[in-house]
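As stored in start-v6.txt (compact mmCIF, C-alpha atoms):
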```
# COMPACT_ATOMS: atom_id res chain seq x y z
CA MET V 1 3.02 -11.73 -51.08
CA ASN V 2 4.24 -9.99 -54.21
CA LEU V 3 1.78 -7.27 -55.28
CA ASN V 4 1.40 -8.96 -58.66
CA THR V 5 0.64 -12.23 -56.89
CA TYR V 6 -2.17 -10.56 -54.99
CA ASN V 7 -3.54 -8.93 -58.08
CA GLY V 8 -4.74 -12.26 -59.35
CA CYS V 9 -1.67 -14.47 -59.60
CA LYS V 10 -2.16 -14.24 -63.34
CA SER V 11 1.44 -14.62 -64.32
CA ALA V 12 3.48 -17.72 -63.57
CA LYS V 13 6.58 -16.50 -65.40
CA LEU V 14 9.70 -15.75 -63.39
CA THR V 15 12.60 -13.62 -64.48
CA THR V 16 16.02 -15.25 -64.68
CA MET V 17 17.15 -13.28 -61.63
CA THR V 18 14.13 -14.36 -59.59
CA ALA V 19 14.65 -17.97 -60.59
CA LEU V 20 18.26 -17.76 -59.43
CA LEU V 21 17.17 -16.28 -56.12
CA ILE V 22 14.68 -19.06 -55.59
CA ALA V 23 17.36 -21.63 -56.35
CA LEU V 24 19.72 -20.05 -53.84
CA VAL V 25 17.25 -19.59 -51.00
CA GLY V 26 14.68 -22.31 -51.53
CA CYS V 27 16.69 -25.19 -52.97
CA SER V 28 16.08 -27.43 -49.95
CA SER V 29 12.53 -26.31 -49.22
CA SER V 30 9.26 -28.07 -49.88
CA PRO V 31 7.58 -27.34 -53.22
CA PHE V 32 4.83 -24.73 -53.55
CA GLN V 33 1.47 -25.84 -52.17
CA ARG V 34 -2.00 -24.78 -53.28
CA GLY V 35 -2.91 -23.67 -49.75
CA ASP V 36 -0.67 -21.82 -47.36
CA GLY V 37 0.60 -23.55 -44.26
CA ALA V 38 3.51 -24.80 -42.21
CA PRO V 39 6.31 -27.00 -43.57
CA ASN V 40 6.31 -30.72 -42.82
CA VAL V 41 9.55 -30.47 -40.88
CA HIS V 42 10.47 -29.31 -37.40
CA VAL V 43 11.92 -25.80 -37.30
CA ASN V 44 14.44 -25.05 -34.55
CA VAL V 45 13.98 -21.30 -34.16
CA ASP V 46 16.61 -21.20 -31.40
CA SER V 47 19.19 -21.30 -34.16
CA ILE V 48 17.57 -18.40 -36.04
CA PRO V 49 18.71 -15.05 -34.60
CA ASN V 50 16.88 -11.76 -34.82
CA PRO V 51 18.23 -9.64 -37.66
CA THR V 52 20.51 -6.73 -36.78
CA PRO V 53 18.90 -3.46 -37.89
CA ARG V 54 21.08 -1.63 -40.40
CA HIS V 55 20.72 1.17 -42.89
CA GLU V 56 19.72 -0.10 -46.34
CA PRO V 57 18.64 1.70 -49.51
CA LEU V 58 14.92 1.73 -50.13
CA SER V 59 13.62 -0.82 -52.59
CA LYS V 60 12.96 0.79 -55.95
CA TYR V 61 10.29 -1.78 -56.73
CA GLY V 62 8.53 -2.02 -53.37
CA ASN V 63 7.83 1.62 -52.53
CA PRO V 64 5.33 3.11 -54.98
CA ASP V 65 3.49 6.20 -53.72
CA THR V 66 0.23 4.24 -53.95
CA TYR V 67 -0.79 0.80 -55.11
CA THR V 68 -4.00 -1.19 -55.53
CA VAL V 69 -4.71 -4.71 -54.31
CA LEU V 70 -8.06 -6.48 -54.54
CA GLY V 71 -9.77 -3.23 -55.48
CA LYS V 72 -8.39 -1.19 -52.55
CA ASN V 73 -5.87 1.64 -52.77
CA TYR V 74 -2.98 1.83 -50.31
CA LYS V 75 -0.47 4.59 -49.62
CA THR V 76 3.20 3.93 -48.89
CA LEU V 77 4.81 5.89 -46.08
CA LYS V 78 7.90 7.94 -46.90
CA TYR V 79 9.36 7.60 -43.41
CA ASN V 80 9.13 5.12 -40.55
CA LYS V 81 10.46 7.27 -37.70
CA GLY V 82 8.29 6.95 -34.60
CA PHE V 83 5.96 4.42 -36.20
CA VAL V 84 3.91 2.46 -33.64
CA GLU V 85 0.90 0.28 -34.42
CA ARG V 86 -1.30 -2.19 -32.58
CA GLY V 87 -3.52 -4.83 -34.08
CA ILE V 88 -3.69 -8.42 -35.30
CA ALA V 89 -0.67 -10.25 -36.71
CA SER V 90 -0.88 -13.29 -38.98
CA TRP V 91 1.81 -15.37 -40.71
CA TYR V 92 2.53 -16.85 -44.12
CA GLY V 93 4.50 -19.93 -45.03
CA THR V 94 4.83 -22.63 -47.69
CA LYS V 95 2.63 -21.05 -50.34
CA PHE V 96 4.96 -18.09 -50.75
CA HIS V 97 8.28 -19.69 -49.78
CA GLY V 98 10.81 -19.05 -52.52
CA ARG V 99 8.70 -16.49 -54.30
CA ARG V 100 9.67 -12.92 -54.97
CA THR V 101 8.54 -10.39 -52.35
CA SER V 102 7.40 -6.87 -53.09
CA SER V 103 10.90 -5.55 -52.34
CA GLY V 104 12.46 -7.90 -54.89
CA GLU V 105 13.99 -10.19 -52.27
CA THR V 106 12.99 -13.84 -52.11
CA TYR V 107 10.64 -14.86 -49.35
CA ASN V 108 12.19 -17.33 -46.94
CA MET V 109 9.80 -18.60 -44.29
CA TYR V 110 12.78 -19.61 -42.13
CA ALA V 111 14.11 -16.02 -41.97
CA MET V 112 12.96 -13.28 -39.60
CA THR V 113 10.96 -11.14 -42.01
CA ALA V 114 7.48 -9.71 -42.36
CA ALA V 115 5.01 -7.99 -44.68
CA HIS V 116 3.30 -4.65 -44.03
CA LYS V 117 0.95 -2.60 -46.16
CA SER V 118 2.52 0.85 -45.80
CA LEU V 119 5.93 0.86 -44.09
CA PRO V 120 8.90 1.71 -46.33
CA LEU V 121 10.70 -1.37 -47.62
CA PRO V 122 12.90 -2.30 -45.91
CA THR V 123 12.07 -1.33 -42.31
CA TYR V 124 13.17 -3.14 -39.17
CA VAL V 125 10.49 -3.41 -36.49
CA GLU V 126 10.22 -4.79 -32.99
CA VAL V 127 7.10 -6.94 -32.59
CA THR V 128 5.63 -7.60 -29.14
CA ASN V 129 3.06 -10.32 -28.49
CA LEU V 130 0.55 -8.58 -26.23
CA ASP V 131 -0.69 -11.88 -24.83
CA ASN V 132 2.59 -13.44 -23.70
CA GLY V 133 5.07 -10.56 -23.74
CA ARG V 134 7.47 -12.16 -26.23
CA GLN V 135 9.43 -9.79 -28.44
CA ILE V 136 11.19 -10.30 -31.76
CA ILE V 137 12.80 -8.15 -34.45
CA VAL V 138 11.91 -8.66 -38.09
CA LYS V 139 12.85 -7.04 -41.37
CA VAL V 140 9.80 -5.82 -43.27
CA ASN V 141 10.54 -6.58 -46.93
CA ASP V 142 7.11 -7.38 -48.34
CA ARG V 143 3.58 -6.01 -48.77
CA GLY V 144 0.53 -7.37 -46.99
CA PRO V 145 -1.40 -8.79 -45.30
CA PHE V 146 -4.47 -7.93 -47.37
CA HIS V 147 -6.90 -9.90 -45.22
CA GLU V 148 -9.26 -7.54 -43.37
CA GLY V 149 -8.16 -6.64 -39.87
CA ARG V 150 -4.51 -7.73 -40.09
CA ILE V 151 -1.66 -5.24 -39.67
CA ILE V 152 1.42 -7.44 -40.23
CA ASP V 153 2.20 -10.82 -41.79
CA LEU V 154 5.10 -12.61 -40.12
CA SER V 155 7.34 -15.26 -41.59
CA TYR V 156 6.73 -18.75 -40.25
CA ALA V 157 9.91 -18.67 -38.14
CA ALA V 158 8.98 -15.28 -36.69
CA ALA V 159 5.51 -16.56 -35.80
CA ILE V 160 7.02 -19.51 -33.92
CA LYS V 161 9.31 -17.21 -31.95
CA LEU V 162 6.42 -14.92 -31.13
CA GLY V 163 4.11 -17.80 -30.22
CA THR V 164 1.40 -17.16 -32.82
CA ASN V 165 2.08 -20.02 -35.23
CA LYS V 166 -0.46 -22.44 -33.72
CA THR V 167 -3.28 -19.93 -33.26
CA GLY V 168 -2.70 -18.37 -36.68
CA THR V 169 -3.12 -14.83 -35.40
CA GLY V 170 -2.15 -12.84 -32.35
CA ARG V 171 -2.50 -9.38 -30.88
CA VAL V 172 0.70 -7.41 -31.27
CA GLU V 173 2.37 -4.06 -31.09
CA ILE V 174 4.95 -3.11 -33.70
CA ARG V 175 7.55 -0.35 -33.39
CA ALA V 176 9.88 0.82 -36.12
CA ILE V 177 13.60 0.71 -35.26
CA ASP V 178 16.10 3.38 -36.19
CA PRO V 179 19.36 1.52 -36.96
CA SER V 180 21.31 4.58 -35.77
CA ASN V 181 19.68 4.32 -32.34
CA PRO V 182 18.28 0.79 -31.96
CA THR V 183 16.72 1.39 -28.52
CA ALA V 184 15.06 4.74 -29.25
CA HIS V 185 11.81 3.07 -30.35
CA ARG V 186 11.14 2.05 -26.76
CA GLY V 187 10.73 5.65 -25.68
CA LYS V 188 7.71 7.90 -26.01
CA GLN V 189 6.54 8.05 -29.61
CA THR V 190 3.76 9.29 -31.80
CA THR V 191 1.58 6.74 -33.52
CA THR V 192 1.60 6.71 -37.31
CA PRO V 193 -1.56 5.11 -38.74
CA ALA V 194 -1.33 2.72 -41.68
CA GLN V 195 -4.43 3.34 -43.75
CA PRO V 196 -5.78 2.55 -47.18
CA VAL V 197 -6.33 5.70 -49.24
CA ALA V 198 -10.09 5.18 -49.11
CA ALA V 199 -11.51 6.81 -45.97
CA SER V 200 -14.10 4.05 -45.57
CA THR V 201 -11.51 1.51 -44.45
CA THR V 202 -9.22 2.46 -41.59
CA ILE V 203 -6.70 0.61 -39.48
CA THR V 204 -6.44 2.42 -36.16
CA THR V 205 -3.39 2.34 -33.94
CA THR V 206 -2.53 3.36 -30.41
CA THR V 207 0.56 4.23 -28.42
CA LYS V 208 -0.22 2.54 -25.12
CA PRO V 209 2.94 0.91 -23.74
CA ALA V 210 3.14 -2.85 -24.21
CA ALA V 211 3.41 -3.29 -20.43
CA GLN V 212 -0.19 -2.06 -20.10
CA ALA V 213 -1.52 -4.53 -22.63
CA THR V 214 -2.31 -7.37 -20.22
CA ALA V 215 -4.58 -5.08 -18.23
CA THR V 216 -6.50 -3.76 -21.24
CA ILE V 217 -6.28 -6.47 -23.87
CA ALA V 218 -9.77 -7.89 -23.25
CA GLN V 219 -11.30 -4.42 -23.32
CA ASN V 220 -9.98 -2.78 -26.47
CA LEU V 221 -10.77 -5.03 -29.46
CA TYR V 222 -13.39 -3.58 -31.81
CA LEU V 223 -14.79 -4.11 -35.27
CA GLN V 224 -14.68 -0.85 -37.21
CA VAL V 225 -17.53 -0.65 -39.68
CA GLY V 226 -17.11 2.83 -41.10
CA ALA V 227 -15.21 6.12 -41.00
CA PHE V 228 -16.77 9.44 -41.98
CA SER V 229 -15.91 13.12 -42.13
CA SER V 230 -19.52 13.85 -41.16
CA ARG V 231 -20.76 12.94 -37.69
CA SER V 232 -24.34 12.70 -38.96
CA ASN V 233 -23.30 9.94 -41.39
CA ALA V 234 -21.64 8.10 -38.52
CA GLU V 235 -24.81 8.47 -36.41
CA ASN V 236 -26.92 7.16 -39.28
CA LEU V 237 -24.79 4.03 -39.57
CA ARG V 238 -24.94 3.46 -35.81
CA SER V 239 -28.73 3.74 -35.87
CA ARG V 240 -28.94 1.38 -38.82
CA LEU V 241 -26.91 -1.33 -37.08
CA THR V 242 -28.29 -0.96 -33.55
CA ASN V 243 -30.64 -3.93 -33.82
CA VAL V 244 -28.27 -6.26 -35.64
CA ALA V 245 -24.85 -5.69 -34.07
CA GLY V 246 -25.51 -7.51 -30.81
CA LYS V 247 -22.88 -5.32 -29.12
CA PRO V 248 -22.58 -1.65 -28.16
CA ILE V 249 -21.80 0.67 -31.08
CA HIS V 250 -19.47 3.60 -30.46
CA ILE V 251 -18.44 6.65 -32.43
CA PHE V 252 -14.82 7.67 -31.90
CA ALA V 253 -13.83 11.15 -33.01
CA GLY V 254 -10.36 11.74 -34.44
CA ASP V 255 -7.71 13.89 -32.78
CA ASN V 256 -7.51 16.49 -35.55
CA PRO V 257 -10.35 19.05 -35.19
CA SER V 258 -9.55 20.66 -38.55
CA GLN V 259 -10.05 17.32 -40.37
CA PRO V 260 -12.41 15.30 -38.18
CA VAL V 261 -12.87 11.58 -38.78
CA TYR V 262 -15.72 9.81 -37.00
CA ARG V 263 -15.09 6.09 -36.72
CA VAL V 264 -17.98 3.71 -36.03
CA ARG V 265 -16.93 0.67 -34.01
CA ILE V 266 -18.71 -2.28 -32.45
CA GLY V 267 -17.43 -3.77 -29.21
CA PRO V 268 -15.46 -4.42 -27.19
CA LEU V 269 -15.22 -7.97 -28.51
CA LEU V 270 -13.81 -11.09 -26.89
CA ASN V 271 -11.25 -11.99 -29.56
CA ASP V 272 -10.36 -11.84 -33.23
CA GLN V 273 -12.57 -14.83 -34.05
CA ALA V 274 -15.61 -13.04 -32.60
CA ALA V 275 -14.77 -9.98 -34.68
CA GLN V 276 -14.51 -12.04 -37.88
CA GLN V 277 -17.84 -13.75 -37.17
CA LEU V 278 -19.49 -10.37 -36.65
CA ALA V 279 -17.93 -9.05 -39.87
CA SER V 280 -19.32 -12.02 -41.79
CA ARG V 281 -22.78 -11.42 -40.36
CA LEU V 282 -22.72 -7.74 -41.30
CA VAL V 283 -22.10 -8.57 -44.95
CA ASN V 284 -25.84 -9.32 -45.14
CA GLU V 285 -26.42 -5.72 -44.09
CA GLY V 286 -24.25 -4.41 -46.91
CA ILE V 287 -21.25 -3.70 -44.66
CA ASN V 288 -18.26 -5.04 -46.58
CA ASN V 289 -15.32 -2.84 -45.52
CA THR V 290 -14.62 -3.69 -41.89
CA SER V 291 -11.43 -3.76 -39.86
CA VAL V 292 -10.43 -5.29 -36.53
CA VAL V 293 -8.90 -2.50 -34.43
CA MET V 294 -7.46 -2.06 -30.97
CA ASP V 295 -7.89 1.13 -28.98
```
Just give me the structure as structure tokens.
Amino acid sequence: MNLNTYNGCKSAKLTTMTALLIALVGCSSSPFQRGDGAPNVHVNVDSIPNPTPRHEPLSKYGNPDTYTVLGKNYKTLKYNKGFVERGIASWYGTKFHGRRTSSGETYNMYAMTAAHKSLPLPTYVEVTNLDNGRQIIVKVNDRGPFHEGRIIDLSYAAAIKLGTNKTGTGRVEIRAIDPSNPTAHRGKQTTTPAQPVAASTTITTTTKPAAQATATIAQNLYLQVGAFSSRSNAENLRSRLTNVAGKPIHIFAGDNPSQPVYRVRIGPLLNDQAAQQLASRLVNEGINNTSVVMD
């Protein structure tokens, strides 16, 4: 999940320090595999506790103002206070186990960690599975996921605890934790969106309490196909896709009247798989930058 890894995996060289870290953390792990997946051993997550949030210095390596992955520009947040986000979680395992993360730490799929595109590294977050109500705490120490429509990449152990390891993805809510007041994140907060710099690709978040999720979960999954500062451009895209979307197309206006953003979304959709199938179909219409969002 290292940024350099995502920028083509062109370099196989490891620094001496990284090699030592891999030896310390991954000495008993399975070797790297060409495809990502789960280890060939049973993992008893009952023996793996949630990390205790604590104040740590920001990673010098993992917090650039902006960075580019696969041709897209991303902006790193300066602060995590009050951060709340809803969307699709995925997980990563054997392919990256023992490799250097974007923060400089070594990825350990048996630890309670995660990757996020914009949160400061490190940040501790509470993750709630909106389908089964399970909650975990993870330390965000890596960048990603860079697959369209994903907001967080969990370690393999974290995915097991959350109940998303078998399905591969799951609908979640994440809330940043202030180590000085570990329960404050459960109060009323303002959502902080995590967005690529480019306005055409947006990950939208919401602040609905997790307790309401079971009542609304089947109603609020959409495929976002564009975001514009001009409503007329949004209307043009809706008209263009009316006969091919197969679902209602909505235009959602942003909350800031001085800098309006009109987001074009198709749905609601049944699940993440339906959203991905629709996204694949829209590629033929020249729609390449799509995101799965919850609202």
Open item on the list: With distances taken over all atoms listed in the file, which residue among V:Val41, V:Val172, V:Ala157, V:Leu58 lies nearest V:Tyr79?
Closed with: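 The shortest atom-to-atom distance to V:Tyr79 comes from V:Leu58.
With distances restricted to only C-alpha atoms, V:Pro268 is the closest residue to V:Ala245 from V:Pro260, V:Pro120, V:Pro268, V:Gly168.
We find atom CA of V:Asn220 and atom CA of V:Leu121 to be spaced 29.6 Å apart.
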Using only C-alpha atoms, tabulate the residues of stretch 152-173 of chain V lying at most 10 Å from any atom of stretch 141-146 of chain V, each with its closest atom pair and that distance in Å to one decimal, by chain and increasing residue number, as a tab-separated table.
```
residue	atom	partner	partner_atom	distance
V:Ile152	CA	V:Pro145	CA	6.0
V:Asp153	CA	V:Pro145	CA	5.4
V:Leu154	CA	V:Pro145	CA	9.1
```
TODO: Counting all atoms listed in the file, find the residues whose atoms lie at most 9 Å from (-20.3, 5.1, -31.8) (file coordinates) and write them out as a list in words.
DONE: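 Selection result: Ala234, Glu235, Arg238, Pro248, Ile249, His250, Ile251, Phe252, Ala253, Tyr262, Arg263, Val264, Arg265 and Ile266 of chain V.
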TODO: Write out as a list in words which residues come within 6 Å of V:Gly87 when counting all atoms listed in the file, dropping same-chain ones fewer than 4 positions away.
DONE: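 Residues near the query, excluding close chain neighbours: Ile151, Arg171, Val172, Val293 and Met294 of chain V.
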TODO: Please identify all polymer residues within 12 Å of V:Asn288, counting all atoms listed in the file, omitting same-chain residues fewer than 5 positions from it, and present them as a list in words.
DONE: Glu148, Ser200, Thr201, Leu223, Gln224, Val225, Gly226, Gln276, Leu278, Ala279, Ser280, Arg281, Leu282 and Val283 of chain V
Open item on the list: Measuring between all atoms listed in the file, which one of V:Ser59, V:Thr128, V:Thr106, V:Ser230 shows the shortest distance to V:Arg175?
Closed with: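 Among the listed residues, the smallest separation from V:Arg175 belongs to V:Thr128.
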Open item on the list: I'd like the interatomic distance between atom CA of V:Gln277 and atom CA of V:Ile88, to a tenth of an Å.
Closed with: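 We find that atom CA of V:Gln277 and atom CA of V:Ile88 lie 15.2 Å from each other.
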Open item on the list: Taking all atoms listed in the file into account, name the residue in V:Thr76, V:Ser258, V:Thr169, V:Asn40 that is nearest to V:Asp131.
Closed with: V:Thr169
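Here atom CA of V:Ile160 stands at a distance of 14.3 Å from atom CA of V:Thr94.
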TODO: Could you tell me which of V:Arg150, V:Tyr92, V:Thr183, V:Ser102 comes closest to V:Gly37 if we count all atoms listed in the file?
DONE: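 Distance minimum relative to V:Gly37 lands on V:Tyr92.
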TODO: Could you tell me which of V:Ser103, V:Gly246, V:Ser232, V:Val261 comes closest to V:Pro64 if we count all atoms listed in the file?
DONE: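 Of V:Ser103, V:Gly246, V:Ser232, V:Val261, the one nearest V:Pro64, counting all atoms listed in the file, is V:Ser103.
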Expected axis-aligned box over every listed atom of stretch 226-243 of chain V, 6 Å added per side, centre plus edges in Å to one decimal, as lines of an AutoDock Vina configuration file:
```
center_x = -22.9
center_y = 5.0
center_z = -37.8
size_x = 27.4
size_y = 29.8
size_z = 20.6
```
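When the distance limit is 8 Å and all atoms listed in the file are what count, the residues near V:Asn165, minus those fewer than 5 positions from it on the same chain, are Trp91, Tyr156, Ala159 and Ile160 of chain V.
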